[in-house]
$ cat upload_3.cif   # mmCIF, C-alpha atoms and all ligand atoms
data_start
#
loop_
_atom_site.group_PDB
_atom_site.id
_atom_site.type_symbol
_atom_site.label_atom_id
_atom_site.label_comp_id
_atom_site.auth_asym_id
_atom_site.auth_seq_id
_atom_site.Cartn_x
_atom_site.Cartn_y
_atom_site.Cartn_z
ATOM 1 C CA MET A 1 82.196 12.534 -71.730
ATOM 2 C CA LEU A 2 82.927 11.254 -68.223
ATOM 3 C CA ILE A 3 81.495 13.163 -65.269
ATOM 4 C CA ASN A 4 83.876 13.000 -62.234
ATOM 5 C CA ASN A 5 85.976 10.459 -64.145
ATOM 6 C CA LYS A 6 83.266 7.881 -63.547
ATOM 7 C CA LYS A 7 81.815 5.807 -66.347
ATOM 8 C CA ASN A 8 78.121 6.176 -67.228
ATOM 9 C CA ILE A 9 75.894 3.135 -66.794
ATOM 10 C CA LEU A 10 72.369 2.989 -68.156
ATOM 11 C CA ILE A 11 70.269 0.272 -66.541
ATOM 12 C CA THR A 12 66.798 -0.112 -68.008
ATOM 13 C CA GLY A 13 63.968 -1.298 -65.770
ATOM 14 C CA SER A 14 65.734 -0.078 -62.643
ATOM 15 C CA SER A 15 62.822 1.277 -60.620
ATOM 16 C CA GLN A 16 62.649 -1.966 -58.608
ATOM 17 C CA GLY A 17 63.750 -5.601 -58.487
ATOM 18 C CA ILE A 18 66.947 -6.782 -60.169
ATOM 19 C CA GLY A 19 67.577 -3.488 -62.004
ATOM 20 C CA LEU A 20 67.350 -1.355 -58.855
ATOM 21 C CA THR A 21 69.619 -3.770 -56.986
ATOM 22 C CA ILE A 22 72.207 -3.471 -59.783
ATOM 23 C CA ALA A 23 71.872 0.332 -59.714
ATOM 24 C CA LYS A 24 72.447 0.518 -55.946
ATOM 25 C CA PHE A 25 75.313 -1.983 -56.168
ATOM 26 C CA PHE A 26 77.186 0.251 -58.635
ATOM 27 C CA ALA A 27 76.194 3.637 -57.192
ATOM 28 C CA GLN A 28 79.568 4.500 -55.594
ATOM 29 C CA LYS A 29 81.707 3.644 -58.566
ATOM 30 C CA TYR A 30 79.705 4.833 -61.578
ATOM 31 C CA ASN A 31 77.268 7.500 -62.739
ATOM 32 C CA ILE A 32 74.008 5.597 -62.655
ATOM 33 C CA TYR A 33 71.081 6.355 -64.958
ATOM 34 C CA ILE A 34 67.832 4.575 -64.141
ATOM 35 C CA THR A 35 64.625 4.057 -66.102
ATOM 36 C CA GLY A 36 61.064 2.870 -65.610
ATOM 37 C CA ARG A 37 57.640 4.172 -66.527
ATOM 38 C CA TYR A 38 56.845 6.338 -63.502
ATOM 39 C CA GLU A 39 58.505 9.721 -63.076
ATOM 40 C CA ASP A 40 57.734 10.252 -59.348
ATOM 41 C CA LYS A 41 59.097 6.857 -58.361
ATOM 42 C CA LEU A 42 62.301 7.392 -60.371
ATOM 43 C CA LYS A 43 62.870 10.913 -59.045
ATOM 44 C CA LYS A 44 62.535 9.681 -55.445
ATOM 45 C CA LEU A 45 64.976 6.803 -56.084
ATOM 46 C CA CYS A 46 67.423 9.162 -57.747
ATOM 47 C CA ASP A 47 67.343 11.591 -54.797
ATOM 48 C CA GLU A 48 67.603 8.841 -52.169
ATOM 49 C CA ASN A 49 70.483 7.013 -53.832
ATOM 50 C CA ASN A 50 72.412 9.831 -55.427
ATOM 51 C CA PHE A 51 71.991 8.409 -58.912
ATOM 52 C CA ALA A 52 73.150 10.654 -61.761
ATOM 53 C CA GLY A 53 69.825 10.758 -63.588
ATOM 54 C CA TYR A 54 66.616 9.075 -64.633
ATOM 55 C CA CYS A 55 64.176 8.884 -67.505
ATOM 56 C CA ALA A 56 60.544 7.804 -67.363
ATOM 57 C CA ILE A 57 59.650 6.026 -70.569
ATOM 58 C CA ASP A 58 57.530 3.101 -71.728
ATOM 59 C CA LEU A 59 59.958 0.873 -73.646
ATOM 60 C CA SER A 60 57.150 -1.184 -75.157
ATOM 61 C CA LYS A 61 56.311 1.763 -77.416
ATOM 62 C CA PRO A 62 57.921 2.369 -80.836
ATOM 63 C CA LYS A 63 60.801 4.872 -80.939
ATOM 64 C CA SER A 64 61.127 4.834 -77.135
ATOM 65 C CA ALA A 65 64.832 3.890 -77.269
ATOM 66 C CA GLN A 66 65.628 6.999 -79.343
ATOM 67 C CA ARG A 67 63.523 9.161 -77.014
ATOM 68 C CA LEU A 68 65.224 7.717 -73.937
ATOM 69 C CA LEU A 69 68.725 8.486 -75.182
ATOM 70 C CA SER A 70 67.862 11.915 -76.512
ATOM 71 C CA LEU A 71 66.219 12.843 -73.190
ATOM 72 C CA LEU A 72 69.204 11.619 -71.169
ATOM 73 C CA ASN A 73 71.654 13.200 -73.621
ATOM 74 C CA ILE A 74 74.744 11.430 -72.282
ATOM 75 C CA ASP A 75 77.297 8.986 -73.666
ATOM 76 C CA ILE A 76 76.789 5.469 -72.354
ATOM 77 C CA ASP A 77 79.865 3.406 -71.454
ATOM 78 C CA ILE A 78 77.946 0.461 -70.012
ATOM 79 C CA LEU A 79 74.449 -0.608 -71.013
ATOM 80 C CA ILE A 80 72.446 -3.124 -69.011
ATOM 81 C CA ASN A 81 69.272 -4.090 -70.876
ATOM 82 C CA ASN A 82 67.173 -5.313 -67.964
ATOM 83 C CA ALA A 83 63.621 -3.957 -68.458
ATOM 84 C CA GLY A 84 61.143 -6.718 -69.065
ATOM 85 C CA ASN A 85 57.739 -8.171 -68.370
ATOM 86 C CA TYR A 86 56.667 -11.766 -67.831
ATOM 87 C CA ILE A 87 53.486 -12.922 -69.490
ATOM 88 C CA TYR A 88 52.401 -16.305 -68.201
ATOM 89 C CA SER A 89 49.507 -17.551 -70.304
ATOM 90 C CA PRO A 90 48.426 -20.548 -72.371
ATOM 91 C CA VAL A 91 49.205 -19.760 -76.007
ATOM 92 C CA GLU A 92 45.561 -19.615 -77.072
ATOM 93 C CA MET A 93 44.840 -16.968 -74.428
ATOM 94 C CA LEU A 94 47.633 -14.603 -75.483
ATOM 95 C CA GLU A 95 46.427 -11.138 -76.478
ATOM 96 C CA ASN A 96 47.792 -9.907 -79.814
ATOM 97 C CA GLU A 97 48.690 -6.533 -78.274
ATOM 98 C CA ASP A 98 50.714 -8.321 -75.575
ATOM 99 C CA ILE A 99 52.637 -10.282 -78.205
ATOM 100 C CA VAL A 100 53.721 -7.073 -79.903
ATOM 101 C CA SER A 101 54.344 -4.973 -76.803
ATOM 102 C CA SER A 102 56.202 -7.663 -74.844
ATOM 103 C CA PHE A 103 58.463 -8.362 -77.810
ATOM 104 C CA MET A 104 59.073 -4.643 -78.153
ATOM 105 C CA LEU A 105 59.935 -4.269 -74.448
ATOM 106 C CA ASN A 106 61.920 -7.464 -73.827
ATOM 107 C CA SER A 107 63.771 -7.687 -77.118
ATOM 108 C CA ILE A 108 63.443 -4.929 -79.718
ATOM 109 C CA SER A 109 64.102 -2.007 -77.354
ATOM 110 C CA ALA A 110 67.309 -3.730 -76.223
ATOM 111 C CA LEU A 111 68.598 -3.957 -79.809
ATOM 112 C CA GLU A 112 67.558 -0.375 -80.532
ATOM 113 C CA LEU A 113 69.403 0.889 -77.458
ATOM 114 C CA ILE A 114 72.506 -1.068 -78.452
ATOM 115 C CA LYS A 115 72.301 0.438 -81.935
ATOM 116 C CA LEU A 116 72.339 3.913 -80.407
ATOM 117 C CA VAL A 117 75.099 3.427 -77.811
ATOM 118 C CA THR A 118 77.645 1.580 -79.951
ATOM 119 C CA PRO A 119 78.931 4.574 -81.990
ATOM 120 C CA TYR A 120 80.303 6.198 -78.789
ATOM 121 C CA MET A 121 81.640 2.872 -77.490
ATOM 122 C CA LYS A 122 83.398 2.284 -80.807
ATOM 123 C CA LYS A 123 84.915 5.763 -80.668
ATOM 124 C CA GLN A 124 86.216 5.003 -77.145
ATOM 125 C CA GLN A 125 87.257 1.481 -78.195
ATOM 126 C CA TRP A 126 85.645 0.334 -74.947
ATOM 127 C CA GLY A 127 82.153 -0.671 -73.948
ATOM 128 C CA ARG A 128 80.192 -3.220 -71.982
ATOM 129 C CA ILE A 129 76.735 -4.488 -72.898
ATOM 130 C CA ILE A 130 74.864 -6.927 -70.697
ATOM 131 C CA ASN A 131 71.454 -8.252 -71.654
ATOM 132 C CA ILE A 132 69.289 -9.763 -68.954
ATOM 133 C CA GLY A 133 67.615 -12.805 -70.467
ATOM 134 C CA SER A 134 65.999 -15.665 -68.604
ATOM 135 C CA ILE A 135 66.311 -19.390 -68.144
ATOM 136 C CA SER A 136 62.956 -19.434 -69.969
ATOM 137 C CA GLY A 137 64.850 -18.370 -73.104
ATOM 138 C CA ILE A 138 67.222 -21.329 -72.715
ATOM 139 C CA MET A 139 64.857 -24.148 -71.844
ATOM 140 C CA GLY A 140 61.134 -24.686 -72.282
ATOM 141 C CA GLU A 141 58.636 -23.192 -69.850
ATOM 142 C CA ALA A 142 55.015 -24.210 -70.356
ATOM 143 C CA ASN A 143 52.633 -21.237 -70.588
ATOM 144 C CA ALA A 144 55.509 -18.853 -71.235
ATOM 145 C CA SER A 145 55.885 -19.143 -75.019
ATOM 146 C CA LEU A 146 55.842 -15.386 -75.572
ATOM 147 C CA TYR A 147 58.298 -14.694 -72.748
ATOM 148 C CA SER A 148 60.572 -17.550 -73.876
ATOM 149 C CA MET A 149 60.519 -16.242 -77.433
ATOM 150 C CA THR A 150 61.504 -12.723 -76.387
ATOM 151 C CA LYS A 151 64.310 -13.968 -74.135
ATOM 152 C CA ALA A 152 65.646 -16.564 -76.608
ATOM 153 C CA SER A 153 65.934 -13.822 -79.207
ATOM 154 C CA LEU A 154 68.317 -11.957 -76.888
ATOM 155 C CA VAL A 155 70.688 -14.941 -76.879
ATOM 156 C CA GLY A 156 71.068 -14.903 -80.679
ATOM 157 C CA MET A 157 71.387 -11.141 -80.724
ATOM 158 C CA THR A 158 74.089 -11.263 -78.016
ATOM 159 C CA LYS A 159 76.230 -13.745 -79.929
ATOM 160 C CA ALA A 160 75.939 -11.902 -83.248
ATOM 161 C CA LEU A 161 76.779 -8.534 -81.710
ATOM 162 C CA ALA A 162 79.674 -9.934 -79.693
ATOM 163 C CA LEU A 163 81.251 -11.068 -82.973
ATOM 164 C CA GLU A 164 80.472 -7.826 -84.748
ATOM 165 C CA LEU A 165 81.926 -5.655 -81.987
ATOM 166 C CA ALA A 166 84.824 -7.876 -80.901
ATOM 167 C CA GLN A 167 87.474 -5.662 -82.490
ATOM 168 C CA ASN A 168 86.140 -2.520 -80.857
ATOM 169 C CA GLY A 169 86.871 -3.328 -77.212
ATOM 170 C CA ILE A 170 83.165 -3.934 -76.628
ATOM 171 C CA THR A 171 81.917 -7.076 -74.933
ATOM 172 C CA VAL A 172 78.318 -8.269 -75.179
ATOM 173 C CA ASN A 173 77.008 -10.965 -72.850
ATOM 174 C CA ILE A 174 73.682 -12.243 -71.588
ATOM 175 C CA ILE A 175 72.832 -13.288 -68.042
ATOM 176 C CA ASN A 176 69.929 -15.710 -67.762
ATOM 177 C CA PRO A 177 68.500 -15.680 -64.239
ATOM 178 C CA GLY A 178 66.425 -18.520 -62.864
ATOM 179 C CA TRP A 179 63.635 -17.698 -60.398
ATOM 180 C CA VAL A 180 64.285 -14.449 -58.505
ATOM 181 C CA ASP A 181 61.740 -13.386 -55.879
ATOM 182 C CA THR A 182 60.696 -9.962 -57.260
ATOM 183 C CA GLU A 183 57.424 -8.281 -58.285
ATOM 184 C CA LEU A 184 57.784 -9.994 -61.677
ATOM 185 C CA ILE A 185 56.743 -13.346 -60.260
ATOM 186 C CA ASN A 186 53.860 -11.910 -58.227
ATOM 187 C CA ASN A 187 51.826 -12.779 -61.267
ATOM 188 C CA GLU A 188 48.151 -13.729 -60.867
ATOM 189 C CA ASN A 189 48.162 -16.377 -63.598
ATOM 190 C CA LEU A 190 51.347 -17.982 -62.280
ATOM 191 C CA GLU A 191 50.049 -17.944 -58.680
ATOM 192 C CA GLN A 192 46.971 -19.907 -59.810
ATOM 193 C CA ASP A 193 49.270 -22.733 -60.953
ATOM 194 C CA PHE A 194 52.144 -22.589 -58.427
ATOM 195 C CA SER A 195 52.755 -21.262 -54.936
ATOM 196 C CA LYS A 196 56.247 -19.936 -54.159
ATOM 197 C CA ASP A 197 56.943 -23.096 -52.142
ATOM 198 C CA GLU A 198 56.026 -25.200 -55.168
ATOM 199 C CA ILE A 199 58.353 -23.116 -57.353
ATOM 200 C CA ILE A 200 61.202 -23.688 -54.878
ATOM 201 C CA GLU A 201 60.592 -27.453 -55.073
ATOM 202 C CA THR A 202 61.462 -27.284 -58.801
ATOM 203 C CA ILE A 203 64.815 -25.533 -58.202
ATOM 204 C CA PRO A 204 67.761 -27.925 -57.652
ATOM 205 C CA GLN A 205 69.324 -25.698 -54.950
ATOM 206 C CA ARG A 206 65.847 -25.224 -53.379
ATOM 207 C CA ARG A 207 66.188 -21.460 -53.219
ATOM 208 C CA PHE A 208 65.542 -18.328 -55.247
ATOM 209 C CA VAL A 209 68.501 -16.617 -56.915
ATOM 210 C CA THR A 210 68.986 -13.201 -55.267
ATOM 211 C CA PRO A 211 69.131 -9.918 -57.214
ATOM 212 C CA GLU A 212 72.522 -9.326 -55.531
ATOM 213 C CA GLU A 213 73.916 -12.442 -57.246
ATOM 214 C CA ILE A 214 72.902 -10.982 -60.615
ATOM 215 C CA ALA A 215 74.529 -7.650 -59.692
ATOM 216 C CA GLN A 216 77.761 -9.428 -58.698
ATOM 217 C CA SER A 217 77.891 -11.193 -62.065
ATOM 218 C CA CYS A 218 77.364 -7.870 -63.824
ATOM 219 C CA GLU A 219 80.249 -6.438 -61.777
ATOM 220 C CA PHE A 220 82.517 -9.224 -63.009
ATOM 221 C CA LEU A 221 81.442 -8.898 -66.661
ATOM 222 C CA ILE A 222 82.103 -5.155 -66.566
ATOM 223 C CA SER A 223 85.541 -5.581 -64.993
ATOM 224 C CA ASP A 224 88.830 -5.872 -66.833
ATOM 225 C CA LYS A 225 89.094 -9.449 -65.585
ATOM 226 C CA ALA A 226 86.252 -10.354 -67.957
ATOM 227 C CA LYS A 227 87.543 -8.582 -71.062
ATOM 228 C CA SER A 228 87.928 -11.922 -72.868
ATOM 229 C CA ILE A 229 84.387 -12.990 -72.044
ATOM 230 C CA THR A 230 82.082 -11.995 -74.858
ATOM 231 C CA GLY A 231 79.060 -13.511 -76.580
ATOM 232 C CA GLN A 232 78.469 -15.743 -73.597
ATOM 233 C CA SER A 233 75.111 -16.822 -72.286
ATOM 234 C CA ILE A 234 75.502 -17.228 -68.533
ATOM 235 C CA ASN A 235 72.861 -19.092 -66.566
ATOM 236 C CA ILE A 236 72.549 -17.923 -62.951
ATOM 237 C CA CYS A 237 69.745 -20.172 -61.945
ATOM 238 C CA ALA A 238 70.505 -22.264 -58.829
ATOM 239 C CA GLY A 239 70.705 -25.301 -61.104
ATOM 240 C CA LEU A 240 67.340 -24.848 -62.833
ATOM 241 C CA SER A 241 68.780 -25.200 -66.339
ATOM 242 C CA LEU A 242 70.016 -28.709 -65.479
ATOM 243 C CA GLY A 243 66.529 -30.158 -65.046
ATOM 244 C CA TYR A 244 65.223 -31.837 -61.901
HETATM 245 N N1 LIG A 301 62.298 -12.291 -61.327
HETATM 246 C C1 LIG A 301 62.629 -13.399 -62.005
HETATM 247 O O1 LIG A 301 62.367 -14.550 -61.574
HETATM 248 C C2 LIG A 301 63.371 -13.291 -63.318
HETATM 249 C C3 LIG A 301 63.853 -14.465 -63.892
HETATM 250 C C4 LIG A 301 64.521 -14.406 -65.105
HETATM 251 C C5 LIG A 301 64.701 -13.203 -65.736
HETATM 252 N N2 LIG A 301 64.230 -12.068 -65.171
HETATM 253 C C6 LIG A 301 64.406 -10.820 -65.924
HETATM 254 O O2 LIG A 301 65.043 -9.846 -65.127
HETATM 255 C C7 LIG A 301 64.631 -8.549 -65.543
HETATM 256 C C8 LIG A 301 64.189 -7.752 -64.325
HETATM 257 O O3 LIG A 301 63.113 -8.428 -63.727
HETATM 258 P P1 LIG A 301 62.644 -8.229 -62.215
HETATM 259 O O4 LIG A 301 62.428 -9.566 -61.664
HETATM 260 O O5 LIG A 301 63.513 -7.265 -61.510
HETATM 261 O O6 LIG A 301 61.180 -7.601 -62.501
HETATM 262 P P2 LIG A 301 60.376 -6.393 -61.873
HETATM 263 O O7 LIG A 301 60.624 -6.277 -60.421
HETATM 264 O O8 LIG A 301 58.978 -6.563 -62.350
HETATM 265 O O9 LIG A 301 61.033 -5.107 -62.602
HETATM 266 C C9 LIG A 301 60.831 -4.887 -63.961
HETATM 267 C C10 LIG A 301 61.419 -3.537 -64.337
HETATM 268 O O10 LIG A 301 61.107 -3.291 -65.718
HETATM 269 C C11 LIG A 301 60.394 -2.050 -65.830
HETATM 270 N N3 LIG A 301 59.368 -2.111 -66.864
HETATM 271 C C12 LIG A 301 58.321 -2.984 -66.924
HETATM 272 N N4 LIG A 301 57.562 -2.709 -67.994
HETATM 273 C C13 LIG A 301 58.138 -1.628 -68.615
HETATM 274 C C14 LIG A 301 57.816 -0.868 -69.762
HETATM 275 N N5 LIG A 301 56.734 -1.142 -70.515
HETATM 276 N N6 LIG A 301 58.620 0.159 -70.105
HETATM 277 C C15 LIG A 301 59.710 0.445 -69.356
HETATM 278 N N7 LIG A 301 60.078 -0.222 -68.258
HETATM 279 C C16 LIG A 301 59.292 -1.254 -67.890
HETATM 280 C C17 LIG A 301 59.757 -1.851 -64.470
HETATM 281 O O11 LIG A 301 59.548 -0.460 -64.252
HETATM 282 P P3 LIG A 301 58.114 0.221 -63.887
HETATM 283 O O12 LIG A 301 57.175 -0.900 -63.530
HETATM 284 O O13 LIG A 301 58.426 1.130 -62.744
HETATM 285 O O14 LIG A 301 57.752 0.921 -65.132
HETATM 286 C C18 LIG A 301 60.820 -2.402 -63.539
HETATM 287 O O15 LIG A 301 61.804 -1.430 -63.260
HETATM 288 C C19 LIG A 301 63.524 -8.763 -66.572
HETATM 289 O O16 LIG A 301 64.046 -8.624 -67.872
HETATM 290 C C20 LIG A 301 63.103 -10.192 -66.339
HETATM 291 O O17 LIG A 301 62.569 -10.792 -67.491
HETATM 292 C C21 LIG A 301 63.567 -12.066 -63.979
#
$ encode --input "upload_3.cif" --output "structure tokens"
Amino acid sequence: MLINNKKNILITGSSQGIGLTIAKFFAQKYNIYITGRYEDKLKKLCDENNFAGYCAIDLSKPKSAQRLLSLLNIDIDILINNAGNYIYSPVEMLENEDIVSSFMLNSISALELIKLVTPYMKKQQWGRIINIGSISGIMGEANASLYSMTKASLVGMTKALALELAQNGITVNIINPGWVDTELINNENLEQDFSKDEIIETIPQRRFVTPEEIAQSCEFLISDKAKSITGQSINICAGLSLGY
């Protein structure tokens, strides 16, 4: 059901960074539902930005996708699977719990959410699903095997679902950002190996991608102009995927 004739967008991991930028970008045009783990932070953001609702939930935990959608209790027209964490670690130092929980957060919860939102989208014969992957899922990144694995899995899932849902007016795409200067990369292990200036030296355009650029691409993919674009893996990376 549409409130105020606006479509409902659920953006996971929207308490900060890329997800929050996308939420603010779409706030006038859509009913925005945000998520993260911390209730107080989400409530404040919701009040300040006039978002339609929020849900505090840890998406690395089993059954969290079902809980999220039953707590929100709305029909989702547009799903942006953006929540994620970045574990930068040599393979032999990876913690087994991190392997399971990062895969759950970055990959499995996205599929589970899609499973739950597609019946309504099929009924409407319209829907938009955007997964936020990473350049690390497209090309190799040393010390990011777990992260790369979780993000690469989203690419395969995107293509398969795009085919499966093609006759239902639903498009499924994945955006793979390069380096974006958010909390995600304020990572102790990464900082020991690279300063931000050193990271920039590896980027062909010698700059970080901005969260606004990711939001603009989401805007296009959601629009009618992009209705023929489905199953695509779109690198927004300032040239990083080309090598250096
Ligand atoms: N920044 C980059 O360079 C970059 C590059 C490529 C891809 N990406 C991808 O872009 C997406 C957004 O990243 P970002 O840079 O905006 O990162 P960020 O600033 O760290 O934001 C991550 C978001 O995910 C949420 N989140 C983290 N762990 C969670 C959990 N266990 N359960 C539920 N929510 C959780 C966080 O919410 P709370 O902490 O409030 O719970 C936050 O809203 C991620 O999927 C990331 O992999 C980022």
$ resolve_selection --input "upload_3.cif" --expression "the PyMOL selection byres (((not hetatm)) within 7 of (chain A and resi 301))" --output "PyMOL selection string"
chain A and resi 12-19+35-38+57-60+82-86+105-106+132-135+176-185
$ atom_distance --input "upload_3.cif" --atom1 "atom CA of Asn73 of chain A" --atom2 "atom CA of Ile108 of chain A"
20.8 Å
$ resolve_selection --input "upload_3.cif" --expression "the PyMOL selection byres (((chain A and resi 211) around 8) and not hetatm)" --output "MDAnalysis selection string"
chainID A and resid 17:18 21:22 180 209:210 212:215
$ atom_distance --input "upload_3.cif" --atom1 "atom CA of Glu191 of chain A" --atom2 "atom CA of Phe208 of chain A"
15.9 Å
$ resolve_selection --input "upload_3.cif" --expression "the PyMOL selection byres (((chain A and resi 225-239) around 6) and not hetatm)" --output "count of residues only"
19
$ closest_residue --input "upload_3.cif" --among "A:Val117, A:Leu68, A:Leu190, A:Met104" --to "Ile87 of chain A" --atoms "only C-alpha atoms"
A:Leu190
$ atom_distance --input "upload_3.cif" --atom1 "atom CA of Leu45 of chain A" --atom2 "atom CA of Ser70 of chain A"
21.3 Å
$ closest_residue --input "upload_3.cif" --among "A:Cys46, A:Gln66, A:Ser109, A:Ser89" --to "Asn187 of chain A" --atoms "only C-alpha atoms"
A:Ser89
$ closest_residue --input "upload_3.cif" --among "A:Asn168, A:Asn50, A:Asn5, A:Asn189" --to "Lys123 of chain A" --atoms "all atoms listed in the file"
A:Asn168
$ axis_aligned_box --input "upload_3.cif" --around "segment 148-165 of chain A" --padding-each-side "5 Å" --output "JSON"
{"center_x": 71.2, "center_y": -11.6, "center_z": -79.3, "size_x": 31.4, "size_y": 21.9, "size_z": 20.9}
$ closest_residue --input "upload_3.cif" --among "A:Gly243, A:Asp75, A:Ala27, A:Ser102" --to "Ile203 of chain A" --atoms "all atoms listed in the file"
A:Gly243
$ residues_around --input "upload_3.cif" --residues "Gly127 of chain A" --least-positions-apart "6" --cutoff "8 Å" --atoms "all atoms listed in the file" --output "count of residues only"
7
$ closest_residue --input "upload_3.cif" --among "A:Gly53, A:Ile138, A:Leu20, A:Lys7" --to "Ser153 of chain A" --atoms "all atoms listed in the file"
A:Ile138
$ decode --input "upload_3.cif" --residues "segment 89-120 of chain A" --atoms "C-alpha atoms" --output "PDB file, in the first residue's frame"
ATOM      1  CA  SER A  89      42.803  -9.257   7.606  1.00  0.00           C
ATOM      2  CA  PRO A  90      45.333 -11.810   6.379  1.00  0.00           C
ATOM      3  CA  VAL A  91      43.463 -15.066   5.789  1.00  0.00           C
ATOM      4  CA  GLU A  92      45.206 -16.929   8.605  1.00  0.00           C
ATOM      5  CA  MET A  93      44.114 -14.271  11.108  1.00  0.00           C
ATOM      6  CA  LEU A  94      40.413 -14.403  10.216  1.00  0.00           C
ATOM      7  CA  GLU A  95      38.153 -15.296  13.139  1.00  0.00           C
ATOM      8  CA  ASN A  96      35.665 -18.082  12.396  1.00  0.00           C
ATOM      9  CA  GLU A  97      32.827 -16.043  13.929  1.00  0.00           C
ATOM     10  CA  ASP A  98      33.670 -13.141  11.595  1.00  0.00           C
ATOM     11  CA  ILE A  99      33.534 -15.437   8.566  1.00  0.00           C
ATOM     12  CA  VAL A 100      30.006 -16.503   9.448  1.00  0.00           C
ATOM     13  CA  SER A 101      28.675 -13.148  10.621  1.00  0.00           C
ATOM     14  CA  SER A 102      30.162 -11.093   7.776  1.00  0.00           C
ATOM     15  CA  PHE A 103      28.763 -13.508   5.204  1.00  0.00           C
ATOM     16  CA  MET A 104      25.404 -13.322   6.938  1.00  0.00           C
ATOM     17  CA  LEU A 105      25.430  -9.499   6.952  1.00  0.00           C
ATOM     18  CA  ASN A 106      26.948  -8.760   3.533  1.00  0.00           C
ATOM     19  CA  SER A 107      25.336 -11.536   1.533  1.00  0.00           C
ATOM     20  CA  ILE A 108      22.777 -13.850   3.136  1.00  0.00           C
ATOM     21  CA  SER A 109      20.614 -11.114   4.687  1.00  0.00           C
ATOM     22  CA  ALA A 110      20.382  -9.449   1.266  1.00  0.00           C
ATOM     23  CA  LEU A 111      19.031 -12.641  -0.334  1.00  0.00           C
ATOM     24  CA  GLU A 112      16.644 -13.220   2.564  1.00  0.00           C
ATOM     25  CA  LEU A 113      15.265  -9.691   2.268  1.00  0.00           C
ATOM     26  CA  ILE A 114      14.809 -10.129  -1.481  1.00  0.00           C
ATOM     27  CA  LYS A 115      12.971 -13.393  -0.843  1.00  0.00           C
ATOM     28  CA  LEU A 116      10.545 -11.555   1.427  1.00  0.00           C
ATOM     29  CA  VAL A 117       9.917  -8.452  -0.711  1.00  0.00           C
ATOM     30  CA  THR A 118       9.441 -10.117  -4.098  1.00  0.00           C
ATOM     31  CA  PRO A 119       5.892 -11.488  -3.548  1.00  0.00           C
ATOM     32  CA  TYR A 120       4.529  -7.909  -3.240  1.00  0.00           C
TER      33      TYR A 120
END
